[in-house]
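Novice: My structure is stored as final_39.cif, with mmCIF, C-alpha atoms.
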```cif
data_target
loop_
_atom_site.label_atom_id
_atom_site.label_comp_id
_atom_site.auth_asym_id
_atom_site.auth_seq_id
_atom_site.Cartn_x
_atom_site.Cartn_y
_atom_site.Cartn_z
CA MET F 1 171.78 7.17 -16.68
CA GLU F 2 168.51 7.44 -15.43
CA ILE F 3 167.27 5.84 -18.50
CA LEU F 4 169.76 3.11 -18.04
CA ALA F 5 168.90 2.87 -14.43
CA ALA F 6 165.28 2.80 -15.36
CA GLU F 7 166.02 0.19 -17.92
CA SER F 8 167.94 -1.85 -15.45
CA GLN F 9 164.96 -2.16 -13.07
CA ASN F 10 162.44 -4.84 -13.74
CA PRO F 11 159.10 -3.38 -14.66
CA LEU F 12 157.27 -6.28 -13.04
CA LEU F 13 158.84 -5.72 -9.65
CA PRO F 14 157.55 -2.78 -7.71
CA PRO F 15 159.97 -0.67 -5.77
CA ILE F 16 160.97 -2.02 -2.40
CA GLY F 17 159.54 0.96 -0.53
CA GLU F 18 156.13 0.28 -1.97
CA ILE F 19 156.37 -3.37 -1.06
CA VAL F 20 157.26 -2.45 2.54
CA VAL F 21 154.48 0.12 2.79
CA GLY F 22 152.04 -2.35 1.24
CA LEU F 23 153.08 -5.08 3.67
CA ILE F 24 152.72 -2.73 6.66
CA ALA F 25 149.27 -1.60 5.43
CA PHE F 26 148.29 -5.22 4.83
CA ALA F 27 149.48 -6.19 8.31
CA ILE F 28 147.48 -3.35 9.89
CA VAL F 29 144.34 -4.25 7.92
CA PHE F 30 144.83 -7.94 8.71
CA PHE F 31 145.36 -7.15 12.40
CA VAL F 32 142.22 -4.96 12.53
CA PHE F 33 140.26 -7.56 10.59
CA ALA F 34 141.51 -10.43 12.78
CA LYS F 35 141.10 -8.48 16.03
CA PHE F 36 137.73 -6.77 15.45
CA VAL F 37 135.92 -7.87 12.33
CA ALA F 38 136.48 -11.65 12.37
CA PRO F 39 135.39 -12.14 16.03
CA ARG F 40 132.34 -9.95 15.44
CA PHE F 41 131.55 -11.87 12.27
CA GLU F 42 132.07 -15.16 14.14
CA GLN F 43 129.86 -13.93 16.99
CA VAL F 44 127.10 -12.86 14.60
CA TRP F 45 127.39 -16.13 12.69
CA ARG F 46 127.26 -18.16 15.96
CA ALA F 47 124.27 -16.15 17.23
CA ARG F 48 122.49 -16.67 13.96
CA ARG F 49 123.25 -20.40 13.98
CA GLU F 50 122.03 -20.68 17.59
CA ALA F 51 118.91 -18.70 16.71
CA ILE F 52 118.20 -21.00 13.79
CA GLU F 53 118.95 -24.14 15.79
CA GLY F 54 116.95 -22.74 18.73
CA GLY F 55 114.10 -21.91 16.38
CA ILE F 56 114.18 -25.45 15.02
CA GLU F 57 114.28 -26.87 18.54
CA ARG F 58 111.46 -24.55 19.61
CA ALA F 59 109.48 -25.53 16.54
CA GLU F 60 110.04 -29.20 17.30
CA ALA F 61 109.09 -28.61 20.95
CA MET F 62 105.99 -26.67 19.92
CA GLN F 63 105.14 -29.40 17.44
CA ALA F 64 105.53 -32.00 20.20
CA GLU F 65 103.37 -29.84 22.50
CA ALA F 66 100.77 -29.45 19.77
CA LYS F 67 100.79 -33.20 19.19
CA ALA F 68 100.44 -33.83 22.95
CA ALA F 69 97.63 -31.25 23.15
CA LEU F 70 95.92 -32.92 20.18
CA GLU F 71 96.17 -36.32 21.86
CA GLN F 72 94.88 -34.83 25.10
CA TYR F 73 92.02 -33.17 23.21
CA ARG F 74 91.15 -36.46 21.53
CA ALA F 75 91.27 -38.26 24.88
CA GLN F 76 89.03 -35.60 26.45
CA LEU F 77 86.68 -35.79 23.48
CA ALA F 78 86.48 -39.58 23.81
CA GLU F 79 85.91 -39.21 27.56
CA ALA F 80 83.23 -36.57 26.95
CA ARG F 81 81.50 -38.85 24.44
CA THR F 82 81.62 -41.73 26.91
CA GLU F 83 80.29 -39.49 29.67
CA ALA F 84 77.55 -38.17 27.36
CA ALA F 85 76.57 -41.75 26.51
CA GLN F 86 76.46 -42.62 30.22
CA ILE F 87 74.38 -39.52 30.97
CA ARG F 88 72.05 -40.37 28.09
CA ASP F 89 71.67 -43.97 29.33
CA GLN F 90 71.13 -42.75 32.88
CA ALA F 91 68.51 -40.25 31.66
CA ARG F 92 66.73 -43.03 29.76
CA ALA F 93 66.78 -45.24 32.86
CA GLU F 94 65.49 -42.39 35.02
CA GLY F 95 62.82 -41.62 32.43
CA GLN F 96 61.77 -45.27 32.41
CA GLN F 97 61.69 -45.29 36.21
CA ILE F 98 59.61 -42.10 36.24
CA LEU F 99 57.19 -43.66 33.72
CA GLU F 100 56.90 -46.77 35.89
CA GLU F 101 56.28 -44.62 38.97
CA LEU F 102 53.67 -42.57 37.10
CA ARG F 103 51.97 -45.75 35.90
CA ALA F 104 51.94 -47.12 39.44
CA GLN F 105 50.55 -43.84 40.76
CA ALA F 106 47.93 -43.79 38.00
CA GLN F 107 46.91 -47.36 38.82
CA GLN F 108 46.72 -46.53 42.53
CA GLU F 109 44.68 -43.43 41.77
CA SER F 110 42.42 -45.44 39.47
CA ALA F 111 41.96 -48.13 42.12
CA ARG F 112 41.25 -45.43 44.70
CA ILE F 113 38.68 -43.76 42.43
CA VAL F 114 37.04 -47.11 41.65
CA ALA F 115 36.95 -48.00 45.36
CA ARG F 116 35.45 -44.61 46.20
CA GLY F 117 32.91 -45.06 43.40
CA GLU F 118 32.01 -48.53 44.70
CA GLU F 119 31.66 -47.12 48.22
CA GLN F 120 29.41 -44.35 46.95
CA LEU F 121 27.46 -46.84 44.85
CA THR F 122 27.06 -49.12 47.89
CA ALA F 123 25.99 -46.19 50.04
CA SER F 124 23.54 -45.02 47.36
CA ARG F 125 22.20 -48.57 46.95
CA GLN F 126 21.77 -48.92 50.70
CA GLN F 127 19.99 -45.57 50.82
CA VAL F 128 17.69 -46.56 47.96
CA VAL F 129 17.05 -49.94 49.58
CA ASN F 130 16.21 -48.25 52.87
CA GLU F 131 13.89 -45.80 51.13
CA LEU F 132 12.24 -48.62 49.17
CA ARG F 133 11.87 -50.69 52.34
CA GLY F 134 10.11 -47.81 54.01
CA HIS F 135 7.92 -47.20 51.01
CA ILE F 136 7.18 -50.91 50.43
CA GLY F 137 6.56 -51.31 54.13
CA GLN F 138 4.03 -48.50 54.09
CA LEU F 139 2.35 -49.97 51.01
CA ALA F 140 2.37 -53.42 52.58
CA VAL F 141 0.82 -52.11 55.80
CA ASP F 142 -1.85 -50.29 53.83
CA LEU F 143 -2.52 -53.36 51.70
CA ALA F 144 -2.52 -55.66 54.72
CA GLY F 145 -4.87 -53.32 56.53
CA ARG F 146 -7.29 -53.48 53.60
CA VAL F 147 -7.01 -57.26 53.31
CA VAL F 148 -7.33 -57.96 57.01
CA GLY F 149 -9.89 -55.31 57.48
CA GLU F 150 -8.34 -53.79 60.53
CA SER F 151 -6.13 -50.83 60.97
CA LEU F 152 -2.45 -51.44 61.40
CA GLU F 153 -1.74 -47.97 62.57
CA ASP F 154 -0.06 -49.16 65.73
CA GLN F 155 3.61 -48.45 65.25
CA ALA F 156 4.89 -51.60 66.95
CA ARG F 157 2.55 -53.79 65.02
CA ARG F 158 3.29 -52.13 61.78
CA SER F 159 7.09 -52.30 62.10
CA GLY F 160 6.91 -55.99 63.08
CA THR F 161 4.71 -56.76 60.10
CA VAL F 162 6.93 -54.79 57.73
CA ASP F 163 10.10 -56.44 59.00
CA ARG F 164 8.63 -59.92 58.61
CA PHE F 165 7.40 -59.10 55.11
CA LEU F 166 10.78 -57.76 54.03
CA ASP F 167 12.58 -60.75 55.54
CA GLN F 168 10.33 -63.07 53.59
CA LEU F 169 11.04 -61.11 50.40
CA ASP F 170 14.77 -61.38 51.04
CA GLY F 171 14.40 -65.11 51.70
CA MET F 172 12.51 -65.60 48.45
CA ALA F 173 15.14 -63.66 46.48
CA ALA F 174 17.91 -65.77 48.03
CA GLY F 175 15.97 -69.04 47.54
CA SER F 176 16.12 -69.17 43.73
CA PRO F 177 18.67 -67.87 41.21
CA ASP F 178 16.10 -65.92 39.21
CA GLY F 179 14.50 -64.40 42.32
CA ARG F 180 11.29 -66.51 42.11
CA THR F 181 10.39 -69.09 44.68
CA GLY F 182 7.88 -71.04 42.66
CA GLY F 183 4.58 -70.60 44.38
CA SER F 184 5.42 -69.91 47.99
CA SER F 185 3.00 -67.52 49.57
CA VAL F 186 3.73 -64.45 51.59
CA TYR F 187 2.50 -64.20 55.13
CA VAL F 188 1.52 -60.84 56.44
CA ASP F 189 0.82 -60.67 60.15
CA GLY F 190 0.49 -64.42 60.31
CA THR F 191 -2.25 -64.74 57.61
CA ARG F 192 -1.98 -66.12 54.16
#
```
Translate this structure into structure tokens?
Specialist:
Amino acid sequence: MEILAAESQNPLLPPIGEIVVGLIAFAIVFFVFAKFVAPRFEQVWRARREAIEGGIERAEAMQAEAKAALEQYRAQLAEARTEAAQIRDQARAEGQQILEELRAQAQQESARIVARGEEQLTASRQQVVNELRGHIGQLAVDLAGRVVGESLEDQARRSGTVDRFLDQLDGMAAGSPDGRTGGSSVYVDGTR
């Protein structure tokens, strides 16, 4: 009978007790999976998606920041070049101004040196003229004393004679362009 009973059961259908136990085990596993595993999996998947999306957003934000920083750098570089050009132009202008000031100072110094030299030359000329006048006067007095035959040792007489002689010499020099008067005679002490 057992054989018959065994033959009467379908070999493809499991026993009912196994189906019940299998369904209860499946329900417990499904419950545990649905209650604990699936939410955790969903949470991990959501966190990962947010991390990826956040990373993309951060990368885009950083890329935008980098682009803005690059534009700012380029603007600063252009501004620095403009400022450098202005500084260079200003330095050239200041250099030109300094050169002009130095030229003006050099010309003033040159004019001052020339004026001082002319003053010294005039003073030296005047000194030489005074010395020559004294010497020529002494020679003229000696010569006049020999010509006249009397002594002109008297100081008043001598200085009057010398002054007249020198005045006549100056008059002769001023009378003609070459310094010659063309035959005028010199009077010493009223004699020819």
Novice: How many Å separate atom CA of F:Ile28 from atom CA of F:Leu12?
Specialist: 25.1 Å
Novice: Please report the interatomic distance between atom CA of F:Gln126 and atom CA of F:Ala173 in Å with one decimal.
Specialist: 16.7 Å
Novice: For stretch 31-50 of chain F, take all atoms listed in the file, fit an axis-aligned box around them, add 6 Å to each of the six sides, then output centre and edge lengths in Å rounded to one decimal, as lines of an AutoDock Vina configuration file.
Specialist:
```
center_x = 133.7
center_y = -12.8
center_z = 14.1
size_x = 35.3
size_y = 27.7
size_z = 19.0
```
Novice: Counting all atoms listed in the file, figure out which residue out of F:Glu42, F:Asp163, F:Glu109, F:Glu101 gets nearest to F:Asn130.
Specialist: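 Selected residue with least distance to F:Asn130: F:Asp163.
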Novice: Just how far from atom CA of F:Leu139 is atom CA of F:Val162, in Å to one decimal?
Specialist: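 Separation of atom CA of F:Val162 and atom CA of F:Leu139: 9.5 Å.
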Novice: For each of F:Leu121, F:Ala111, F:Leu169, F:Ala75, take the minimum atom-to-atom distance to F:Arg133, counting all atoms listed in the file, then give the residue where this is smallest.
Specialist: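 Smallest separation from F:Arg133 among the options: F:Leu169.
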